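Visitor: Next comes work01.txt, compact mmCIF, C-alpha atoms and all ligand atoms:
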# COMPACT_ATOMS: atom_id res chain seq x y z
CA MET A 1 -27.26 17.90 3.30
CA ALA A 2 -23.80 17.27 1.81
CA LYS A 3 -23.55 14.09 -0.20
CA GLN A 4 -21.81 11.36 1.78
CA GLN A 5 -18.48 10.47 0.21
CA LYS A 6 -18.09 6.86 -0.82
CA THR A 7 -15.40 4.68 0.74
CA ILE A 8 -12.49 3.57 -1.43
CA ILE A 9 -11.22 0.08 -0.64
CA THR A 10 -7.60 -0.53 -1.59
CA CYS A 11 -6.37 -4.11 -1.55
CA ALA A 12 -2.61 -4.62 -1.08
CA VAL A 13 -2.29 -8.07 -2.54
CA THR A 14 1.12 -9.46 -1.55
CA GLY A 15 3.69 -6.87 -0.39
CA ALA A 16 7.21 -7.56 0.82
CA ILE A 17 6.80 -8.33 4.52
CA HIS A 18 5.12 -11.70 4.70
CA THR A 19 6.72 -14.85 3.30
CA PRO A 20 5.24 -18.03 1.80
CA THR A 21 5.79 -20.05 5.00
CA MET A 22 3.49 -17.75 6.92
CA SER A 23 0.35 -18.47 4.93
CA ASP A 24 -0.63 -20.71 2.02
CA ALA A 25 -2.95 -17.91 0.93
CA LEU A 26 -0.15 -15.39 0.29
CA PRO A 27 0.09 -15.08 -3.49
CA TYR A 28 3.55 -14.98 -5.03
CA THR A 29 3.43 -16.69 -8.42
CA TYR A 30 2.38 -14.57 -11.38
CA ASP A 31 -0.78 -16.63 -11.72
CA ASP A 32 -1.74 -16.38 -8.06
CA ILE A 33 -1.11 -12.63 -7.91
CA THR A 34 -3.27 -12.23 -11.04
CA THR A 35 -6.10 -14.43 -9.80
CA GLN A 36 -6.20 -12.95 -6.31
CA ALA A 37 -6.00 -9.36 -7.55
CA ILE A 38 -8.92 -9.92 -9.93
CA ALA A 39 -10.97 -11.62 -7.22
CA ALA A 40 -10.23 -8.74 -4.82
CA ALA A 41 -11.45 -6.25 -7.41
CA ASP A 42 -14.57 -8.32 -8.01
CA ALA A 43 -15.19 -8.32 -4.25
CA GLY A 44 -15.12 -4.51 -4.09
CA ALA A 45 -11.55 -3.22 -4.13
CA SER A 46 -11.32 -0.25 -6.49
CA ILE A 47 -7.54 0.11 -6.07
CA LEU A 48 -5.03 -2.76 -6.23
CA HIS A 49 -1.67 -1.99 -4.58
CA LEU A 50 0.83 -4.35 -6.18
CA HIS A 51 4.33 -5.62 -5.46
CA ALA A 52 6.09 -8.31 -7.46
CA ARG A 53 7.78 -11.46 -6.25
CA ASN A 54 10.00 -14.11 -7.71
CA ASN A 55 7.66 -16.56 -9.41
CA LYS A 56 9.43 -19.62 -7.99
CA THR A 57 10.56 -18.61 -4.50
CA GLY A 58 8.24 -15.76 -3.53
CA ALA A 59 11.17 -13.47 -2.69
CA PRO A 60 10.25 -9.77 -3.04
CA SER A 61 11.29 -8.37 -6.41
CA VAL A 62 11.37 -5.03 -8.21
CA ASP A 63 12.34 -6.67 -11.49
CA ILE A 64 10.31 -5.39 -14.43
CA ASP A 65 10.08 -8.96 -15.72
CA ASP A 66 8.35 -9.99 -12.51
CA PHE A 67 5.65 -7.31 -12.95
CA SER A 68 4.90 -7.75 -16.68
CA PRO A 69 3.31 -11.21 -16.39
CA PHE A 70 0.47 -9.96 -14.19
CA LEU A 71 -0.07 -6.23 -14.83
CA GLY A 72 -1.62 -6.60 -18.29
CA ARG A 73 -3.74 -9.56 -17.29
CA ILE A 74 -5.17 -7.74 -14.28
CA LYS A 75 -5.86 -4.64 -16.34
CA GLN A 76 -7.72 -6.63 -18.97
CA ALA A 77 -9.87 -8.46 -16.46
CA THR A 78 -10.82 -5.54 -14.18
CA ASP A 79 -11.43 -1.83 -14.23
CA ALA A 80 -9.59 -1.42 -10.91
CA VAL A 81 -6.97 1.28 -10.47
CA ILE A 82 -3.48 -0.23 -10.44
CA ASN A 83 -1.09 1.16 -7.83
CA ILE A 84 2.53 -0.02 -8.10
CA SER A 85 4.72 -0.03 -5.00
CA THR A 86 7.89 2.02 -4.94
CA GLY A 87 8.62 0.73 -1.43
CA GLY A 88 9.94 -2.53 -1.74
CA SER A 89 11.99 -4.60 -1.43
CA LEU A 90 12.71 -2.48 1.59
CA THR A 91 16.51 -2.50 1.45
CA LEU A 92 16.98 -1.52 -2.21
CA SER A 93 17.94 1.93 -3.49
CA ILE A 94 15.26 4.40 -4.50
CA GLN A 95 16.50 4.20 -8.09
CA ASP A 96 15.74 0.49 -8.22
CA ARG A 97 12.48 0.86 -6.33
CA ILE A 98 10.99 3.42 -8.73
CA LYS A 99 11.88 1.53 -11.92
CA PRO A 100 8.57 -0.38 -12.12
CA ALA A 101 6.50 2.82 -11.75
CA LYS A 102 8.73 4.62 -14.27
CA THR A 103 8.39 1.76 -16.74
CA PHE A 104 4.66 1.08 -16.45
CA SER A 105 3.38 4.59 -15.64
CA PRO A 106 0.43 3.40 -13.54
CA GLU A 107 -2.42 5.62 -12.32
CA MET A 108 -0.99 5.42 -8.79
CA CYS A 109 2.17 4.41 -6.97
CA SER A 110 3.32 4.51 -3.37
CA MET A 111 5.64 7.20 -2.02
CA ASN A 112 7.16 6.55 1.40
CA MET A 113 7.54 9.75 3.37
CA GLY A 114 10.41 9.10 5.76
CA SER A 115 13.36 6.94 6.74
CA MET A 116 12.72 4.57 9.61
CA ASN A 117 13.34 1.26 11.34
CA PHE A 118 10.99 -1.15 9.56
CA SER A 119 11.07 -4.55 11.18
CA PHE A 120 9.09 -7.75 11.31
CA HIS A 121 11.78 -9.89 12.97
CA PRO A 122 9.47 -10.94 15.85
CA LEU A 123 7.54 -13.05 13.30
CA ALA A 124 10.59 -15.29 12.83
CA GLY A 125 10.09 -16.93 16.22
CA ARG A 126 6.78 -18.45 15.13
CA TYR A 127 8.24 -20.84 12.55
CA ASP A 128 10.59 -23.83 12.96
CA GLU A 129 10.69 -24.71 9.27
CA TRP A 130 10.70 -22.48 6.24
CA ALA A 131 9.46 -23.28 2.75
CA PHE A 132 12.31 -21.41 1.00
CA ASP A 133 15.96 -20.74 1.89
CA TRP A 134 15.73 -16.95 1.75
CA GLU A 135 12.86 -16.51 4.20
CA LYS A 136 14.47 -17.04 7.63
CA ASP A 137 17.37 -14.63 7.08
CA TYR A 138 15.06 -12.11 5.45
CA VAL A 139 12.63 -12.03 8.36
CA GLU A 140 15.20 -12.35 11.17
CA GLY A 141 17.49 -9.79 9.53
CA SER A 142 14.81 -7.13 9.36
CA ASP A 143 15.88 -5.96 12.85
CA GLY A 144 18.83 -4.40 11.00
CA ASN A 145 16.68 -2.70 8.32
CA ILE A 146 16.71 0.97 7.72
CA PHE A 147 13.91 1.76 5.28
CA ARG A 148 15.65 4.65 3.58
CA ASN A 149 13.47 7.48 2.26
CA THR A 150 15.55 10.63 2.67
CA PHE A 151 14.43 14.01 1.37
CA ARG A 152 16.87 13.48 -1.49
CA ASP A 153 15.32 10.09 -2.28
CA ILE A 154 11.80 11.52 -2.18
CA LYS A 155 12.83 14.40 -4.46
CA GLU A 156 14.46 12.04 -6.93
CA ALA A 157 11.39 9.79 -6.99
CA ALA A 158 8.97 12.71 -7.33
CA GLU A 159 10.95 14.42 -10.09
CA THR A 160 11.59 11.22 -12.03
CA LEU A 161 7.93 10.24 -11.92
CA ALA A 162 6.46 13.74 -12.44
CA PRO A 163 6.14 13.42 -16.24
CA HIS A 164 3.97 10.33 -15.73
CA ASP A 165 1.17 12.16 -13.91
CA ILE A 166 0.95 9.41 -11.27
CA LYS A 167 -1.06 10.01 -8.09
CA PHE A 168 1.01 9.07 -5.08
CA GLU A 169 -0.20 7.04 -2.14
CA HIS A 170 1.85 8.89 0.49
CA GLU A 171 2.78 6.27 3.06
CA CYS A 172 2.98 7.99 6.48
CA TYR A 173 4.01 5.73 9.35
CA ASP A 174 4.27 8.42 12.01
CA ALA A 175 3.48 12.08 12.61
CA GLY A 176 6.89 13.31 11.42
CA HIS A 177 6.15 11.88 8.00
CA LEU A 178 3.20 14.26 7.69
CA TYR A 179 5.56 17.17 8.33
CA ASN A 180 7.98 15.75 5.75
CA LEU A 181 5.10 15.64 3.28
CA LYS A 182 4.09 19.22 4.07
CA PHE A 183 7.67 20.37 3.45
CA CYS A 184 7.74 18.51 0.13
CA MET A 185 4.44 20.10 -0.92
CA ASP A 186 5.73 23.53 0.03
CA ILE A 187 8.74 23.12 -2.25
CA GLY A 188 6.46 22.02 -5.08
CA LEU A 189 7.14 18.29 -5.26
CA PHE A 190 3.50 17.23 -4.85
CA LYS A 191 0.29 18.97 -5.80
CA ALA A 192 -3.13 18.90 -4.17
CA PRO A 193 -5.21 16.93 -3.67
CA ILE A 194 -2.67 14.57 -2.15
CA PHE A 195 -3.63 11.08 -0.98
CA ILE A 196 -2.26 10.02 2.41
CA GLN A 197 -2.16 6.45 3.66
CA PHE A 198 -2.00 6.61 7.47
CA ILE A 199 -0.12 3.47 8.53
CA PHE A 200 -0.42 2.00 12.02
CA GLY A 201 1.31 -0.90 13.72
CA ILE A 202 4.55 -1.33 11.76
CA LEU A 203 7.43 -1.96 14.20
CA GLY A 204 9.31 1.31 13.74
CA GLY A 205 6.20 3.43 13.22
CA ILE A 206 3.29 4.69 15.32
CA GLY A 207 1.19 2.10 17.18
CA ALA A 208 -2.17 0.79 16.04
CA ASP A 209 -4.95 2.39 18.05
CA VAL A 210 -7.83 4.78 17.49
CA ASP A 211 -6.21 7.50 19.59
CA ASN A 212 -3.29 7.56 17.17
CA LEU A 213 -5.63 7.58 14.17
CA VAL A 214 -7.42 10.64 15.55
CA PHE A 215 -4.04 12.29 16.25
CA MET A 216 -2.70 11.63 12.74
CA LYS A 217 -5.94 12.87 11.16
CA ARG A 218 -5.95 16.01 13.31
CA THR A 219 -2.32 16.69 12.41
CA ALA A 220 -3.07 16.23 8.71
CA ASP A 221 -6.11 18.55 8.99
CA LYS A 222 -3.83 21.18 10.49
CA LEU A 223 -1.17 20.80 7.83
CA PHE A 224 -3.20 20.20 4.68
CA GLY A 225 -6.73 21.51 5.28
CA ASP A 226 -8.91 20.48 2.33
CA ASP A 227 -5.93 19.58 0.18
CA TYR A 228 -5.81 15.92 1.10
CA ARG A 229 -7.73 12.66 0.91
CA TRP A 230 -6.88 9.91 3.34
CA SER A 231 -6.98 6.21 3.96
CA VAL A 232 -5.98 3.91 6.81
CA LEU A 233 -3.94 0.75 6.96
CA GLY A 234 -3.60 -1.18 10.21
CA ALA A 235 -0.98 -3.93 10.32
CA GLY A 236 -1.82 -7.43 11.52
CA GLY A 237 -4.72 -7.86 13.92
CA ALA A 238 -5.48 -4.14 13.86
CA GLN A 239 -6.44 -4.22 10.17
CA MET A 240 -10.22 -4.61 10.22
CA GLY A 241 -10.95 -2.50 13.29
CA LEU A 242 -8.97 0.51 12.08
CA ALA A 243 -10.34 0.13 8.54
CA ALA A 244 -13.92 0.17 9.84
CA THR A 245 -13.14 3.16 12.08
CA ALA A 246 -11.62 5.05 9.14
CA SER A 247 -14.75 4.54 7.05
CA GLN A 248 -16.89 5.87 9.91
CA MET A 249 -14.64 8.93 10.16
CA GLY A 250 -15.10 9.72 6.47
CA GLY A 251 -11.85 8.21 5.27
CA HIS A 252 -10.88 5.43 2.92
CA LEU A 253 -9.27 2.13 3.85
CA ARG A 254 -6.78 -0.50 2.82
CA VAL A 255 -6.85 -4.24 3.47
CA GLY A 256 -4.98 -7.14 1.86
CA LEU A 257 -2.48 -9.86 2.71
CA GLU A 258 0.42 -7.40 2.40
CA ASP A 259 -0.73 -5.80 5.65
CA SER A 260 -2.33 -8.72 7.52
CA LEU A 261 -2.58 -12.45 6.94
CA LEU A 262 -5.64 -12.66 9.20
CA ILE A 263 -9.38 -12.62 8.64
CA SER A 264 -10.05 -12.22 12.36
CA ARG A 265 -7.82 -12.39 15.42
CA GLY A 266 -6.00 -15.73 15.36
CA ALA A 267 -7.50 -16.98 12.07
CA LEU A 268 -5.67 -16.86 8.74
CA ALA A 269 -7.49 -15.37 5.76
CA THR A 270 -8.01 -17.69 2.82
CA SER A 271 -7.51 -14.93 0.25
CA ASN A 272 -7.33 -11.19 -0.34
CA ALA A 273 -10.89 -11.26 -1.64
CA GLN A 274 -12.09 -12.68 1.68
CA GLN A 275 -10.68 -9.63 3.50
CA VAL A 276 -12.18 -7.25 0.92
CA ALA A 277 -15.59 -8.93 1.16
CA LYS A 278 -15.50 -8.71 4.95
CA ILE A 279 -14.65 -5.03 5.15
CA ARG A 280 -17.13 -4.25 2.39
CA ARG A 281 -19.85 -5.98 4.38
CA ILE A 282 -18.91 -4.01 7.51
CA VAL A 283 -18.79 -0.68 5.66
CA GLU A 284 -22.16 -1.30 4.04
CA ASP A 285 -23.73 -2.60 7.26
CA LEU A 286 -22.65 0.64 8.92
CA GLY A 287 -24.49 2.64 6.27
CA SER A 288 -21.72 3.71 3.89
CA GLN A 289 -21.21 2.77 0.26
CA VAL A 290 -18.02 1.58 -1.39
CA ALA A 291 -16.62 3.46 -4.37
CA THR A 292 -16.39 1.91 -7.83
CA PRO A 293 -13.05 2.29 -9.66
CA ASP A 294 -14.39 5.25 -11.62
CA GLU A 295 -15.66 6.89 -8.45
CA ALA A 296 -12.21 6.34 -6.90
CA ARG A 297 -10.68 8.00 -9.99
CA GLU A 298 -12.93 11.00 -9.49
CA ILE A 299 -12.33 11.28 -5.73
CA LEU A 300 -8.54 11.06 -6.14
CA ASP A 301 -8.32 12.97 -9.43
CA LEU A 302 -6.51 10.20 -11.32
CA LYS A 303 -5.31 10.39 -14.91
CA GLY A 304 -7.32 7.39 -16.11
CA GLY A 305 -6.69 3.75 -16.95
CA ASP A 306 -6.13 4.54 -20.63
CA ARG A 307 -2.91 6.43 -19.84
CA VAL A 308 -0.85 3.62 -18.34
CA LYS A 309 1.92 1.73 -20.12
CA PHE A 310 0.96 -1.88 -19.68
N1 LIG B 1 3.80 -2.51 3.53
C1 LIG B 1 3.13 -1.34 3.99
C2 LIG B 1 3.18 -1.21 5.47
C3 LIG B 1 5.06 0.45 -0.19
O1 LIG B 1 4.67 -0.48 -0.85
O2 LIG B 1 5.62 1.44 -0.69
C4 LIG B 1 3.58 -0.10 3.33
C5 LIG B 1 3.72 -0.13 1.85
C6 LIG B 1 4.95 0.47 1.31
O3 LIG B 1 2.84 -0.58 1.15
ZN ZN B 2 3.27 -2.02 -0.43
Translate this file's structure into structure tokens.
Guide:
Amino acid sequence: MAKQQKTIITCAVTGAIHTPTMSDALPYTYDDITTQAIAAADAGASILHLHARNNKTGAPSVDIDDFSPFLGRIKQATDAVINISTGGSLTLSIQDRIKPAKTFSPEMCSMNMGSMNFSFHPLAGRYDEWAFDWEKDYVEGSDGNIFRNTFRDIKEAAETLAPHDIKFEHECYDAGHLYNLKFCMDIGLFKAPIFIQFIFGILGGIGADVDNLVFMKRTADKLFGDDYRWSVLGAGGAQMGLAATASQMGGHLRVGLEDSLLISRGALATSNAQQVAKIRRIVEDLGSQVATPDEAREILDLKGGDRVKF
């Protein structure tokens, strides 16, 4: 019988969607991002997907100086694969967004596969008071966001980062993004095995249900055959259910406070590690095993933690 593949847990620690008002658990200082990332790795995450934020206000940042204070500390304390976002701040140019990956040459970074509406403005209605000045406008104003990832942007990002031998987490928010990815592979921008993150439940992308997961997986099978590995991210309350379903379907999964602030419907998570521990327990209870960082490196064909620049 074929050996069962282990499940890779990615933890997306802070992101650029949620704001400090929404949860006391959302890490944004350098120290909190460091501590929570290490705890998430200890709990079973073999990949840490990282964004930076302003240390004082929690505003999303792509400033190199906002990454440096935590990248080295996380690397020293864990063996986890570091994945640096090239997505966001969502409204910045691709040139600004890829600077952290270009500077630090991590084992992985995100690569968003299409332009889209990307909004979380409905969240604004839940809060009367905000901890920081920037938050209200940022959240409310996201109804005017275009998350720009044109073919030209993707080409520029891929070509700029190619010398770094970084494995991309291809963020696909809808079926068209899979076709964009196929086109980019056909013109030689990305080589197999590619790693696709199927994303469900972002306002602007495909909805969060199992039917859509099966559809995205079937479409990817058709386009990429054996040339891809895959993982699932469900936004908000869909996070745990879709993650568990993905592991049962032979895929990998992503949790973390970037994607959901909840531990169960209606209850805020106390930390990233709490979400990782929960999904690990579910995966193991259902008879699968979670991958160690080195197993994740093997499954995804990564360059190795000794070839990063931080
Ligand atoms: N926030 C997620 C829905 C990125 O960092 O490039 C997608 C994401 C994008 O993680
Ligand atoms: Zn991200």
Visitor: Which residue gives the smallest distance to A:Ile17 among A:Val283, A:Cys172, A:Val139, A:Leu178, with only C-alpha atoms counted?
Guide: A:Val139
Visitor: Please check which protein, DNA or RNA residues sit within 7 Å of ligand LIG 1 (chain B), counting all atoms listed in the file, and write them as number ranges by chain.
Guide: A: 15-17, 51, 85-88, 110-112, 171, 199, 202, 235, 258-259
Visitor: Near A:Glu295, within 12 Å and counting all atoms listed in the file, which residues show up once chain neighbours fewer than 2 positions away are dropped, as a VMD selection string?
Guide: chain A and resid 5 to 9 45 to 47 79 to 81 289 to 293 297 to 302 304
Visitor: So, with all atoms listed in the file as the atoms that count, which of A:Ser105, A:Ser142, A:Ser119, A:Asn83 lies closest to ligand ZN 2 (chain B)?
Guide: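 Closest to ligand ZN 2 (chain B) of all the choices is A:Asn83.
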Visitor: Have a look at atom CA of A:Ser89 and atom CA of A:Arg53 and let me know their distance in Å, one decimal.
Guide: 9.4 Å
Visitor: With all atoms listed in the file as the basis for distance, which of A:Pro193, A:Leu233, A:Asp221, A:Ser264 is at the shortest distance from ligand ZN 2 (chain B)?
Guide: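 Of A:Pro193, A:Leu233, A:Asp221, A:Ser264, the one nearest ligand ZN 2 (chain B) is A:Leu233, counting all atoms listed in the file.
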Visitor: Quick check, in Å to one decimal: how far apart do atom CA of A:Phe147 and atom CA of A:Gly204 lie?
Guide: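 Atom CA of A:Gly204 lies at a distance of 9.6 Å from atom CA of A:Phe147.
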Visitor: Would you list the contacts of A:Met240 as number ranges by chain, taking every protein, DNA or RNA residue within 9 Å and counting all atoms listed in the file, but skipping same-chain residues closer than 6 positions in sequence?
Guide: A: 233-234, 255, 263-264, 275, 278-279
Visitor: Considering only C-alpha atoms, return as a VMD selection string whatever protein or nucleic-acid residues lie within 7 Å of stretch 187-190 of chain A, sequence-local ones (same chain, fewer than 2 positions apart) excluded.
Guide: chain A and resid 155 158 183 to 185 192
Visitor: Which is closer to ligand ZN 2 (chain B) than all the others in A:Thr34, A:Asn117, A:Ser61, A:Thr160, using all atoms listed in the file?
Guide: A:Ser61
Visitor: Tell me which of A:Gln274, A:Ser231, A:Thr91, A:Thr21 sits closest to A:Ala39, counting only C-alpha atoms.
Guide: A:Gln274
Visitor: Write out as a PyMOL selection string the residues lying within 12 Å of A:Asp24, counting only C-alpha atoms and excluding same-chain residues fewer than 4 positions away.
Guide: chain A and resi 14+18-20+28-29+32+58+131+257+261-262+268-272
Visitor: At the level of N, CA, C and O atoms, write stretch 96-120 of chain A to a file as a PDB file, in the first residue's frame, please.
Guide:
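Saved as result_15.pdb:
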ATOM      1  N   ASP A  96       7.111  47.035  -4.158  1.00  0.00           N
ATOM      2  CA  ASP A  96       7.254  47.172  -2.699  1.00  0.00           C
ATOM      3  C   ASP A  96       6.955  45.852  -1.999  1.00  0.00           C
ATOM      4  O   ASP A  96       7.603  45.494  -1.017  1.00  0.00           O
ATOM      5  N   ARG A  97       5.969  45.141  -2.501  1.00  0.00           N
ATOM      6  CA  ARG A  97       5.536  43.919  -1.812  1.00  0.00           C
ATOM      7  C   ARG A  97       6.581  42.808  -1.884  1.00  0.00           C
ATOM      8  O   ARG A  97       6.628  41.944  -1.001  1.00  0.00           O
ATOM      9  N   ILE A  98       7.406  42.791  -2.933  1.00  0.00           N
ATOM     10  CA  ILE A  98       8.383  41.688  -3.028  1.00  0.00           C
ATOM     11  C   ILE A  98       9.726  42.020  -2.369  1.00  0.00           C
ATOM     12  O   ILE A  98      10.584  41.141  -2.246  1.00  0.00           O
ATOM     13  N   LYS A  99       9.875  43.260  -1.920  1.00  0.00           N
ATOM     14  CA  LYS A  99      11.172  43.644  -1.309  1.00  0.00           C
ATOM     15  C   LYS A  99      11.589  42.751  -0.139  1.00  0.00           C
ATOM     16  O   LYS A  99      12.741  42.327  -0.067  1.00  0.00           O
ATOM     17  N   PRO A 100      10.675  42.437   0.799  1.00  0.00           N
ATOM     18  CA  PRO A 100      11.114  41.575   1.907  1.00  0.00           C
ATOM     19  C   PRO A 100      11.612  40.200   1.431  1.00  0.00           C
ATOM     20  O   PRO A 100      12.642  39.707   1.912  1.00  0.00           O
ATOM     21  N   ALA A 101      10.915  39.590   0.479  1.00  0.00           N
ATOM     22  CA  ALA A 101      11.359  38.273  -0.006  1.00  0.00           C
ATOM     23  C   ALA A 101      12.697  38.392  -0.742  1.00  0.00           C
ATOM     24  O   ALA A 101      13.577  37.532  -0.604  1.00  0.00           O
ATOM     25  N   LYS A 102      12.851  39.479  -1.503  1.00  0.00           N
ATOM     26  CA  LYS A 102      14.105  39.703  -2.238  1.00  0.00           C
ATOM     27  C   LYS A 102      15.264  39.927  -1.262  1.00  0.00           C
ATOM     28  O   LYS A 102      16.378  39.450  -1.472  1.00  0.00           O
ATOM     29  N   THR A 103      14.981  40.603  -0.189  1.00  0.00           N
ATOM     30  CA  THR A 103      16.036  40.929   0.785  1.00  0.00           C
ATOM     31  C   THR A 103      16.433  39.713   1.615  1.00  0.00           C
ATOM     32  O   THR A 103      17.619  39.453   1.816  1.00  0.00           O
ATOM     33  N   PHE A 104      15.432  38.950   2.069  1.00  0.00           N
ATOM     34  CA  PHE A 104      15.722  37.891   3.040  1.00  0.00           C
ATOM     35  C   PHE A 104      15.811  36.501   2.417  1.00  0.00           C
ATOM     36  O   PHE A 104      16.200  35.548   3.075  1.00  0.00           O
ATOM     37  N   SER A 105      15.447  36.373   1.155  1.00  0.00           N
ATOM     38  CA  SER A 105      15.578  35.106   0.432  1.00  0.00           C
ATOM     39  C   SER A 105      15.111  33.888   1.242  1.00  0.00           C
ATOM     40  O   SER A 105      15.875  32.944   1.468  1.00  0.00           O
ATOM     41  N   PRO A 106      13.851  33.895   1.674  1.00  0.00           N
ATOM     42  CA  PRO A 106      13.369  32.792   2.517  1.00  0.00           C
ATOM     43  C   PRO A 106      13.205  31.497   1.708  1.00  0.00           C
ATOM     44  O   PRO A 106      13.322  31.509   0.483  1.00  0.00           O
ATOM     45  N   GLU A 107      12.895  30.415   2.402  1.00  0.00           N
ATOM     46  CA  GLU A 107      12.628  29.152   1.692  1.00  0.00           C
ATOM     47  C   GLU A 107      11.334  29.240   0.892  1.00  0.00           C
ATOM     48  O   GLU A 107      11.206  28.603  -0.150  1.00  0.00           O
ATOM     49  N   MET A 108      10.367  30.013   1.400  1.00  0.00           N
ATOM     50  CA  MET A 108       9.083  30.151   0.707  1.00  0.00           C
ATOM     51  C   MET A 108       8.608  31.598   0.756  1.00  0.00           C
ATOM     52  O   MET A 108       8.971  32.341   1.660  1.00  0.00           O
ATOM     53  N   CYS A 109       7.776  31.969  -0.212  1.00  0.00           N
ATOM     54  CA  CYS A 109       7.037  33.230  -0.115  1.00  0.00           C
ATOM     55  C   CYS A 109       5.725  33.067  -0.866  1.00  0.00           C
ATOM     56  O   CYS A 109       5.577  32.159  -1.694  1.00  0.00           O
ATOM     57  N   SER A 110       4.774  33.937  -0.559  1.00  0.00           N
ATOM     58  CA  SER A 110       3.485  33.839  -1.251  1.00  0.00           C
ATOM     59  C   SER A 110       3.578  34.456  -2.636  1.00  0.00           C
ATOM     60  O   SER A 110       4.455  35.274  -2.912  1.00  0.00           O
ATOM     61  N   MET A 111       2.665  34.020  -3.505  1.00  0.00           N
ATOM     62  CA  MET A 111       2.574  34.564  -4.874  1.00  0.00           C
ATOM     63  C   MET A 111       1.085  34.565  -5.232  1.00  0.00           C
ATOM     64  O   MET A 111       0.481  33.500  -5.416  1.00  0.00           O
ATOM     65  N   ASN A 112       0.500  35.754  -5.271  1.00  0.00           N
ATOM     66  CA  ASN A 112      -0.945  35.865  -5.495  1.00  0.00           C
ATOM     67  C   ASN A 112      -1.240  35.814  -6.982  1.00  0.00           C
ATOM     68  O   ASN A 112      -0.633  36.535  -7.771  1.00  0.00           O
ATOM     69  N   MET A 113      -2.206  34.976  -7.359  1.00  0.00           N
ATOM     70  CA  MET A 113      -2.327  34.573  -8.767  1.00  0.00           C
ATOM     71  C   MET A 113      -3.403  35.284  -9.571  1.00  0.00           C
ATOM     72  O   MET A 113      -3.740  34.843 -10.667  1.00  0.00           O
ATOM     73  N   GLY A 114      -3.921  36.416  -9.044  1.00  0.00           N
ATOM     74  CA  GLY A 114      -4.868  37.168  -9.854  1.00  0.00           C
ATOM     75  C   GLY A 114      -5.292  38.458  -9.177  1.00  0.00           C
ATOM     76  O   GLY A 114      -5.217  38.583  -7.949  1.00  0.00           O
ATOM     77  N   SER A 115      -5.746  39.402  -9.991  1.00  0.00           N
ATOM     78  CA  SER A 115      -6.275  40.660  -9.454  1.00  0.00           C
ATOM     79  C   SER A 115      -7.735  40.454  -9.064  1.00  0.00           C
ATOM     80  O   SER A 115      -8.459  39.716  -9.725  1.00  0.00           O
ATOM     81  N   MET A 116      -8.150  41.137  -8.005  1.00  0.00           N
ATOM     82  CA  MET A 116      -9.500  40.859  -7.497  1.00  0.00           C
ATOM     83  C   MET A 116      -9.962  41.944  -6.524  1.00  0.00           C
ATOM     84  O   MET A 116      -9.157  42.678  -5.966  1.00  0.00           O
ATOM     85  N   ASN A 117     -11.291  42.029  -6.320  1.00  0.00           N
ATOM     86  CA  ASN A 117     -11.801  42.707  -5.128  1.00  0.00           C
ATOM     87  C   ASN A 117     -11.308  41.906  -3.933  1.00  0.00           C
ATOM     88  O   ASN A 117     -11.303  40.664  -3.973  1.00  0.00           O
ATOM     89  N   PHE A 118     -10.889  42.585  -2.885  1.00  0.00           N
ATOM     90  CA  PHE A 118     -10.419  41.878  -1.675  1.00  0.00           C
ATOM     91  C   PHE A 118     -10.875  42.740  -0.514  1.00  0.00           C
ATOM     92  O   PHE A 118     -10.233  43.722  -0.170  1.00  0.00           O
ATOM     93  N   SER A 119     -12.013  42.382   0.062  1.00  0.00           N
ATOM     94  CA  SER A 119     -12.610  43.302   1.034  1.00  0.00           C
ATOM     95  C   SER A 119     -12.978  42.627   2.346  1.00  0.00           C
ATOM     96  O   SER A 119     -13.374  41.460   2.384  1.00  0.00           O
ATOM     97  N   PHE A 120     -12.815  43.414   3.393  1.00  0.00           N
ATOM     98  CA  PHE A 120     -13.249  42.957   4.724  1.00  0.00           C
ATOM     99  C   PHE A 120     -14.041  44.068   5.400  1.00  0.00           C
ATOM    100  O   PHE A 120     -14.147  44.113   6.616  1.00  0.00           O
TER     101      PHE A 120
END
